[in-house]
$ cat run_33.cif   # mmCIF, C-alpha atoms
data_start
#
loop_
_atom_site.label_atom_id
_atom_site.label_comp_id
_atom_site.auth_asym_id
_atom_site.auth_seq_id
_atom_site.Cartn_x
_atom_site.Cartn_y
_atom_site.Cartn_z
CA MET A 1 -72.45 -191.03 11.63
CA SER A 2 -73.89 -194.46 12.45
CA LYS A 3 -77.42 -195.38 11.45
CA PRO A 4 -80.08 -193.88 13.75
CA ASP A 5 -81.75 -196.18 16.24
CA LEU A 6 -85.36 -196.53 15.08
CA SER A 7 -86.47 -198.74 17.96
CA THR A 8 -89.39 -197.85 20.18
CA SER A 9 -91.76 -199.56 22.59
CA TYR A 10 -95.54 -199.71 22.60
CA LEU A 11 -97.71 -201.18 25.35
CA GLY A 12 -94.55 -202.55 26.89
CA ILE A 13 -93.64 -204.37 23.67
CA LYS A 14 -90.24 -203.65 22.13
CA LEU A 15 -90.45 -202.80 18.42
CA ALA A 16 -87.73 -202.44 15.79
CA HIS A 17 -89.27 -199.16 14.61
CA PRO A 18 -92.53 -197.21 14.98
CA VAL A 19 -94.35 -198.21 11.76
CA VAL A 20 -97.21 -200.61 12.54
CA ALA A 21 -99.82 -202.02 10.17
CA SER A 22 -103.24 -201.02 11.50
CA ALA A 23 -106.38 -203.13 11.31
CA SER A 24 -107.35 -203.51 7.64
CA PRO A 25 -108.10 -206.09 4.93
CA LEU A 26 -104.34 -206.60 4.60
CA SER A 27 -104.51 -208.96 7.58
CA TYR A 28 -107.50 -211.02 6.37
CA THR A 29 -105.25 -213.96 5.54
CA LEU A 30 -102.09 -215.59 6.82
CA ASP A 31 -100.36 -214.79 3.53
CA GLY A 32 -101.36 -211.14 3.95
CA ILE A 33 -99.87 -211.00 7.44
CA ARG A 34 -96.68 -212.67 6.21
CA ARG A 35 -96.43 -210.11 3.40
CA LEU A 36 -96.68 -207.31 5.95
CA GLU A 37 -93.86 -208.86 7.98
CA ASP A 38 -91.73 -209.33 4.86
CA ALA A 39 -92.38 -205.70 3.90
CA GLY A 40 -90.89 -204.63 7.21
CA VAL A 41 -93.71 -203.53 9.52
CA ALA A 42 -92.79 -203.61 13.21
CA ALA A 43 -96.11 -205.20 14.25
CA VAL A 44 -99.56 -206.00 12.90
CA VAL A 45 -102.96 -205.15 14.32
CA MET A 46 -105.26 -207.79 12.87
CA TYR A 47 -108.50 -206.84 11.18
CA SER A 48 -111.35 -206.27 13.63
CA LEU A 49 -113.60 -208.94 15.05
CA PHE A 50 -116.97 -207.19 15.26
CA GLU A 51 -119.38 -207.41 18.13
CA GLU A 52 -122.10 -208.35 15.63
CA GLN A 53 -120.09 -211.41 14.56
CA ILE A 54 -119.82 -212.56 18.16
CA GLU A 55 -123.57 -212.09 18.64
CA GLN A 56 -124.31 -213.91 15.38
CA GLU A 57 -122.26 -216.90 16.48
CA SER A 58 -123.96 -216.96 19.87
CA HIS A 59 -127.43 -216.86 18.30
CA ALA A 60 -126.54 -219.53 15.75
CA LEU A 61 -125.24 -221.88 18.43
CA HIS A 62 -128.30 -221.27 20.60
CA HIS A 63 -130.56 -222.06 17.63
CA TYR A 64 -128.82 -225.36 16.89
CA LEU A 65 -128.81 -226.42 20.52
CA GLU A 66 -132.52 -225.68 20.98
CA TYR A 67 -133.83 -226.77 17.59
CA GLY A 68 -135.79 -230.03 17.78
CA THR A 69 -135.19 -230.67 21.47
CA HIS A 70 -138.89 -231.46 21.98
CA SER A 71 -138.99 -233.99 19.12
CA TYR A 72 -138.24 -237.71 19.16
CA ALA A 73 -134.86 -239.33 19.62
CA GLU A 74 -134.09 -238.65 15.97
CA ALA A 75 -133.77 -235.02 17.07
CA LEU A 76 -130.22 -235.87 18.07
CA ASP A 77 -129.39 -235.79 14.37
CA TYR A 78 -130.08 -232.05 14.38
CA PHE A 79 -127.02 -231.33 16.51
CA PRO A 80 -124.54 -229.72 14.10
CA GLN A 81 -120.93 -230.44 13.49
CA PRO A 82 -118.69 -227.64 14.85
CA ASP A 83 -118.02 -226.17 11.40
CA GLN A 84 -121.73 -225.51 10.96
CA PHE A 85 -121.73 -222.76 13.56
CA ASN A 86 -118.25 -221.46 12.98
CA VAL A 87 -119.52 -218.16 11.55
CA GLY A 88 -116.44 -216.03 12.05
CA PRO A 89 -114.95 -215.58 15.51
CA HIS A 90 -113.34 -219.00 15.76
CA GLU A 91 -111.84 -218.62 12.30
CA TYR A 92 -110.44 -215.29 13.49
CA LEU A 93 -108.86 -216.93 16.52
CA GLU A 94 -107.38 -219.70 14.37
CA LEU A 95 -105.85 -217.11 12.02
CA LEU A 96 -104.41 -215.27 15.01
CA ARG A 97 -102.91 -218.49 16.35
CA LYS A 98 -101.38 -219.36 12.97
CA ALA A 99 -100.04 -215.83 12.52
CA LYS A 100 -98.21 -216.03 15.84
CA GLU A 101 -96.68 -219.36 14.85
CA ALA A 102 -95.66 -218.19 11.37
CA THR A 103 -94.21 -214.74 12.13
CA GLN A 104 -91.61 -213.15 14.38
CA ILE A 105 -93.32 -209.79 14.92
CA PRO A 106 -95.94 -208.87 17.54
CA ILE A 107 -99.53 -209.59 16.50
CA MET A 108 -102.36 -207.67 18.16
CA GLY A 109 -106.01 -208.64 18.13
CA SER A 110 -108.77 -206.12 17.46
CA LEU A 111 -112.31 -206.02 18.85
CA ASN A 112 -114.83 -203.59 17.38
CA GLY A 113 -118.05 -202.67 19.17
CA VAL A 114 -119.41 -200.89 22.21
CA SER A 115 -120.79 -203.41 24.74
CA SER A 116 -119.04 -205.95 26.91
CA GLY A 117 -121.19 -208.92 25.87
CA GLY A 118 -119.05 -211.63 24.40
CA TRP A 119 -116.01 -209.37 24.30
CA ILE A 120 -114.70 -210.63 27.63
CA GLU A 121 -114.75 -214.24 26.48
CA TYR A 122 -113.17 -213.47 23.13
CA ALA A 123 -110.57 -211.18 24.64
CA ARG A 124 -109.49 -214.14 26.77
CA MET A 125 -109.48 -216.39 23.70
CA MET A 126 -107.32 -213.88 21.84
CA GLN A 127 -104.87 -213.95 24.70
CA GLU A 128 -104.88 -217.76 24.68
CA ALA A 129 -104.32 -217.72 20.90
CA GLY A 130 -101.12 -215.75 21.48
CA ALA A 131 -102.08 -212.10 20.92
CA ASP A 132 -99.43 -209.73 22.27
CA ALA A 133 -102.07 -207.07 22.97
CA ILE A 134 -105.68 -206.23 22.16
CA GLU A 135 -106.96 -203.08 20.50
CA LEU A 136 -110.51 -202.13 21.46
CA ASN A 137 -112.04 -200.14 18.62
CA LEU A 138 -114.97 -198.44 20.34
CA TYR A 139 -117.35 -197.43 17.60
CA TYR A 140 -120.81 -196.19 18.52
CA LEU A 141 -122.99 -193.62 16.82
CA PRO A 142 -125.61 -192.50 19.38
CA THR A 143 -128.92 -191.78 17.65
CA ASP A 144 -131.23 -191.98 20.67
CA PRO A 145 -132.06 -188.39 21.75
CA THR A 146 -132.73 -189.56 25.31
CA LEU A 147 -129.22 -190.99 25.72
CA THR A 148 -126.93 -188.53 27.45
CA GLY A 149 -123.28 -187.94 26.73
CA LEU A 150 -122.43 -189.19 30.22
CA GLU A 151 -124.24 -192.47 29.55
CA VAL A 152 -122.32 -192.95 26.29
CA GLU A 153 -119.03 -192.32 28.07
CA GLU A 154 -119.91 -194.84 30.77
CA MET A 155 -120.70 -197.45 28.10
CA TYR A 156 -117.22 -196.97 26.67
CA LEU A 157 -115.55 -197.11 30.06
CA ASP A 158 -117.46 -200.24 31.08
CA VAL A 159 -116.08 -202.08 28.05
CA VAL A 160 -112.50 -201.03 28.77
CA ARG A 161 -112.84 -201.90 32.44
CA ASP A 162 -114.44 -205.31 31.80
CA VAL A 163 -111.97 -206.39 29.12
CA SER A 164 -108.86 -205.12 30.91
CA GLN A 165 -109.86 -207.01 34.05
CA SER A 166 -110.39 -210.22 32.11
CA VAL A 167 -106.94 -210.48 30.47
CA THR A 168 -103.32 -209.95 31.47
CA ILE A 169 -102.04 -208.68 28.11
CA PRO A 170 -102.11 -204.90 27.52
CA ILE A 171 -105.17 -203.13 26.13
CA ALA A 172 -105.17 -200.16 23.76
CA VAL A 173 -108.33 -198.15 23.12
CA LYS A 174 -109.09 -196.75 19.67
CA VAL A 175 -111.72 -194.02 19.77
CA GLY A 176 -112.98 -190.99 17.90
CA PRO A 177 -112.43 -187.38 19.02
CA TYR A 178 -116.09 -186.57 19.66
CA PHE A 179 -116.12 -186.02 23.41
CA SER A 180 -116.92 -182.74 25.13
CA ASN A 181 -113.58 -182.90 27.00
CA PHE A 182 -111.27 -185.39 25.35
CA THR A 183 -108.44 -184.77 27.83
CA HIS A 184 -110.68 -185.83 30.71
CA MET A 185 -111.98 -188.84 28.79
CA ALA A 186 -108.46 -189.95 27.89
CA ALA A 187 -107.54 -189.94 31.57
CA ARG A 188 -110.63 -191.99 32.40
CA PHE A 189 -109.76 -194.60 29.76
CA VAL A 190 -106.38 -195.05 31.43
CA GLN A 191 -108.00 -195.28 34.86
CA ALA A 192 -110.32 -197.97 33.46
CA GLY A 193 -107.32 -200.07 32.43
CA ALA A 194 -106.12 -198.88 29.02
CA SER A 195 -102.36 -198.97 28.54
CA GLY A 196 -102.52 -197.14 25.23
CA LEU A 197 -104.71 -194.75 23.23
CA VAL A 198 -105.02 -194.99 19.45
CA LEU A 199 -106.09 -191.67 17.93
CA PHE A 200 -108.40 -191.68 16.03
CA ASN A 201 -110.80 -194.17 14.46
CA ARG A 202 -112.63 -192.98 11.36
CA PHE A 203 -116.40 -193.05 11.67
CA TYR A 204 -118.37 -194.61 8.87
CA GLN A 205 -120.06 -191.89 6.81
CA PRO A 206 -122.50 -193.19 4.20
CA ASP A 207 -123.27 -191.45 0.93
CA PHE A 208 -126.50 -191.03 -1.07
CA ASP A 209 -127.05 -192.61 -4.47
CA LEU A 210 -129.27 -189.98 -6.08
CA GLU A 211 -130.24 -192.16 -9.07
CA HIS A 212 -131.47 -195.11 -7.03
CA LEU A 213 -132.33 -193.11 -3.88
CA GLU A 214 -130.33 -195.45 -1.67
CA VAL A 215 -127.92 -194.97 1.18
CA THR A 216 -124.64 -196.48 0.06
CA PRO A 217 -121.41 -197.44 1.85
CA ASN A 218 -118.50 -195.30 0.82
CA LEU A 219 -114.98 -196.15 1.90
CA VAL A 220 -112.62 -193.20 1.51
CA LEU A 221 -108.92 -193.74 2.17
CA SER A 222 -107.21 -191.25 4.44
CA ARG A 223 -105.22 -188.21 3.31
CA ALA A 224 -102.04 -186.82 4.86
CA ASP A 225 -103.82 -183.70 6.13
CA GLU A 226 -105.99 -185.89 8.37
CA LEU A 227 -102.92 -186.31 10.56
CA ARG A 228 -103.50 -182.88 12.10
CA LEU A 229 -106.33 -183.87 14.43
CA PRO A 230 -104.59 -186.82 16.15
CA LEU A 231 -101.30 -184.90 16.02
CA THR A 232 -102.86 -182.03 17.96
CA TRP A 233 -104.38 -184.21 20.64
CA ILE A 234 -101.33 -186.39 21.18
CA ALA A 235 -99.18 -183.27 21.50
CA ILE A 236 -101.61 -181.94 24.12
CA LEU A 237 -101.93 -185.21 26.05
CA TYR A 238 -98.23 -186.11 26.07
CA GLY A 239 -96.88 -185.84 29.61
CA ARG A 240 -100.36 -185.39 31.08
CA ILE A 241 -101.78 -188.86 30.51
CA GLN A 242 -99.73 -191.90 31.46
CA ALA A 243 -100.39 -193.99 28.38
CA ASP A 244 -98.66 -194.96 25.17
CA PHE A 245 -100.03 -193.11 22.15
CA ALA A 246 -100.49 -194.47 18.65
CA ILE A 247 -101.28 -192.08 15.83
CA THR A 248 -103.47 -193.28 12.99
CA SER A 249 -105.28 -191.69 10.04
CA GLY A 250 -103.17 -189.68 7.62
CA VAL A 251 -99.82 -191.50 7.87
CA HIS A 252 -98.51 -191.79 4.31
CA SER A 253 -94.78 -190.99 4.39
CA HIS A 254 -91.77 -190.60 6.66
CA LEU A 255 -92.82 -186.99 7.30
CA GLU A 256 -95.99 -188.10 9.10
CA VAL A 257 -93.96 -190.66 11.05
CA LEU A 258 -91.61 -187.90 12.23
CA LYS A 259 -94.45 -185.58 13.17
CA GLY A 260 -96.17 -188.33 15.11
CA MET A 261 -93.01 -189.12 17.07
CA MET A 262 -92.34 -185.46 17.85
CA ALA A 263 -95.91 -185.02 19.07
CA GLY A 264 -95.36 -187.84 21.55
CA ALA A 265 -96.59 -191.02 19.87
CA LYS A 266 -94.81 -194.33 20.41
CA VAL A 267 -95.96 -195.74 17.07
CA VAL A 268 -97.77 -194.69 13.92
CA MET A 269 -100.29 -196.98 12.25
CA MET A 270 -100.74 -197.27 8.50
CA ALA A 271 -103.40 -198.79 6.29
CA SER A 272 -104.54 -196.44 3.50
CA GLU A 273 -101.05 -195.88 2.09
CA LEU A 274 -100.36 -199.61 2.02
CA LEU A 275 -103.73 -200.41 0.48
CA LYS A 276 -103.25 -197.78 -2.21
CA ASN A 277 -99.57 -198.18 -3.07
CA GLY A 278 -98.64 -201.62 -1.77
CA VAL A 279 -96.98 -202.95 1.37
CA GLU A 280 -93.58 -202.35 -0.22
CA ARG A 281 -94.00 -198.70 0.76
CA VAL A 282 -92.90 -199.63 4.30
CA GLY A 283 -89.28 -200.16 3.25
CA ALA A 284 -89.13 -196.85 1.38
CA ILE A 285 -90.64 -194.98 4.33
CA LEU A 286 -88.12 -196.49 6.76
CA GLN A 287 -85.24 -195.59 4.44
CA ASP A 288 -86.50 -192.01 4.10
CA LEU A 289 -86.90 -191.87 7.87
CA GLN A 290 -83.29 -192.90 8.47
CA THR A 291 -82.01 -190.46 5.86
CA TRP A 292 -83.91 -187.54 7.38
CA MET A 293 -82.68 -188.39 10.88
CA GLN A 294 -79.07 -188.61 9.71
CA GLU A 295 -79.31 -185.29 7.89
CA HIS A 296 -80.78 -183.63 10.98
CA GLU A 297 -78.41 -185.40 13.39
CA TYR A 298 -80.94 -187.40 15.35
CA GLU A 299 -79.44 -190.49 16.94
CA SER A 300 -82.69 -192.24 17.86
CA ILE A 301 -86.46 -192.17 17.69
CA ARG A 302 -86.59 -191.88 21.48
CA GLN A 303 -84.61 -188.66 21.26
CA MET A 304 -87.40 -186.95 19.34
CA GLN A 305 -90.48 -188.45 21.01
CA GLY A 306 -92.53 -185.65 22.59
CA SER A 307 -90.07 -182.93 21.55
CA MET A 308 -92.84 -180.96 19.80
CA SER A 309 -95.55 -181.66 22.36
CA GLN A 310 -97.32 -178.84 24.15
CA LYS A 311 -95.27 -179.68 27.21
CA HIS A 312 -91.97 -178.97 25.46
CA VAL A 313 -92.54 -176.36 22.75
CA ALA A 314 -91.52 -172.76 23.36
CA ASN A 315 -95.05 -171.52 22.62
CA PRO A 316 -97.66 -173.82 24.26
CA ASP A 317 -100.44 -171.48 23.07
CA ALA A 318 -99.80 -172.81 19.56
CA PHE A 319 -102.14 -175.68 20.44
CA GLU A 320 -104.91 -173.58 21.94
CA ARG A 321 -107.25 -170.65 21.26
CA GLY A 322 -104.53 -168.03 20.93
CA ASN A 323 -103.14 -169.73 17.86
CA TYR A 324 -106.64 -170.05 16.38
CA MET A 325 -106.88 -166.26 16.38
CA LYS A 326 -103.43 -165.93 14.76
CA VAL A 327 -104.41 -168.34 11.99
CA LEU A 328 -107.54 -166.35 11.16
CA ARG A 329 -105.59 -163.11 11.08
CA SER A 330 -102.87 -164.58 8.85
CA TRP A 331 -105.23 -164.49 5.87
CA ARG A 332 -106.53 -161.35 4.17
CA PRO A 333 -108.60 -160.69 1.03
CA ASP A 334 -106.87 -159.40 -2.10
CA PRO A 335 -108.56 -156.74 -4.33
CA THR A 336 -110.70 -159.45 -5.96
CA GLY A 337 -111.95 -160.73 -2.62
CA ARG A 338 -109.93 -163.94 -2.63
CA LEU A 339 -108.04 -164.87 0.50
CA VAL A 340 -104.24 -164.73 0.43
CA LYS A 341 -101.58 -165.17 3.07
#
$ encode --input "run_33.cif" --output "structure tokens"
Amino acid sequence: MSKPDLSTSYLGIKLAHPVVASASPLSYTLDGIRRLEDAGVAAVVMYSLFEEQIEQESHALHHYLEYGTHSYAEALDYFPQPDQFNVGPHEYLELLRKAKEATQIPIMGSLNGVSSGGWIEYARMMQEAGADAIELNLYYLPTDPTLTGLEVEEMYLDVVRDVSQSVTIPIAVKVGPYFSNFTHMAARFVQAGASGLVLFNRFYQPDFDLEHLEVTPNLVLSRADELRLPLTWIAILYGRIQADFAITSGVHSHLEVLKGMMAGAKVVMMASELLKNGVERVGAILQDLQTWMQEHEYESIRQMQGSMSQKHVANPDAFERGNYMKVLRSWRPDPTGRLVK
């Protein structure tokens, strides 16, 4: 049997296979992006440009332009050289431009925030720098008790609508699962201009330092069992929502790649596994993927995409409440009170 065809497409972009490097510190440098390409990833989503960085640059530029304007002619000396207010975004765009020149794989920009603001301008600049697509990582933790869920949803949709109307390259939206009706919200993202949905981003969850009584940042890499949440939703949405799906969080081996494809994803995105065990893991995962497909007589990735979605499985209730009841009943206490299957 010939080697299986691993090719897929995402956001209209043809890819050699479905394993994509998601936004992470691995793409902080040009050397890092080259290493990802050499390791065999099909595409790279660059690390995120944060809304706060855009605002910081805007405020810094405004300060330099205004500072000393009511002084004497010597005030002209206050005007800074460009590198004095290059606080991040322009360096990001330059890295994106260089990455496109130095690599042969698709490079996608990433914007992280929740308001349109400077996003429209920088989305255009990313397109001009050569980005093949833009991933909007919509991260917002509503803490205002007067802000309704509907208002939060509209904030998200306004960003997608504004950015998608300002560029011609495809837009993917990366969001969390915390909506009252995610199926409805997914459809609205597509209506607002999203070509793809990336499920799911991982919300920052701080920890407490009990000795110093401080709130501390705490980065925890993903585990394989975290795949279940995006896997469930992609399997439910496949065939209902006209968008390309990317599965992220919990992809660590060829098994998660296979599950993602069968649920209906076009690509899977990896970061934690590569950060923990090195970018060389990509080659091993692709080899294991080919071996599994040959052993199970799959000719292509496209052949399996969506095959285990709710639309195609023999028991669609497996994704809904009926299966929840079966799971609870599948466990029973033994004589000591411990649960066993």
$ closest_atom_pairs --input "run_33.cif" --of "stretch 265-317 of chain A" --to "stretch 13-25 of chain A" --cutoff "6 Å" --atoms "all atoms listed in the file" --output "Markdown table"
| residue | atom | partner | partner_atom | distance |
| --- | --- | --- | --- | --- |
| A:Val267 | CA | A:Pro18 | CA | 4.3 |
| A:Val268 | CA | A:Val19 | CA | 5.4 |
| A:Met269 | CA | A:Val20 | CA | 4.8 |
| A:Met270 | CA | A:Ala21 | CA | 5.1 |
| A:Ala271 | CA | A:Ser22 | CA | 5.7 |
$ residues_near_point --input "run_33.cif" --point "(-104.8, -210.7, 19.0)" --cutoff "10 Å" --atoms "all atoms listed in the file" --output "VMD selection string"
chain A and resid 44 to 49 92 to 93 95 to 97 99 to 100 106 to 111 122 to 135 169
$ residues_around --input "run_33.cif" --residues "stretch 235-245 of chain A" --least-positions-apart "4" --cutoff "9 Å" --atoms "only C-alpha atoms" --output "ChimeraX atom specification"
/A:9-12,172,183,186-187,190,194-199,230-231,260,262-268,306,308-311,319
$ atom_distance --input "run_33.cif" --atom1 "atom CA of A:Ser307" --atom2 "atom CA of A:Val279"
29.3 Å
$ atom_distance --input "run_33.cif" --atom1 "atom CA of A:Ala224" --atom2 "atom CA of A:Lys259"
11.3 Å
$ residues_around --input "run_33.cif" --residues "A:Lys98" --least-positions-apart "4" --cutoff "8 Å" --atoms "only C-alpha atoms" --output "list in words"
Leu30, Glu94 and Ala102 of chain A
$ write_last_selection --input "run_33.cif" --atoms "C-alpha atoms" --output "PDB file, keeping the file's coordinate frame"
ATOM      1  CA  LEU A  30    -102.090-215.590   6.820  1.00  0.00           C
ATOM      2  CA  GLU A  94    -107.380-219.700  14.370  1.00  0.00           C
ATOM      3  CA  ALA A 102     -95.660-218.190  11.370  1.00  0.00           C
TER       4      ALA A 102
END
$ resolve_selection --input "run_33.cif" --expression "the PyMOL selection byres ((chain A and resi 216) around 6)" --output "VMD selection string"
chain A and resid 206 to 208 215 217
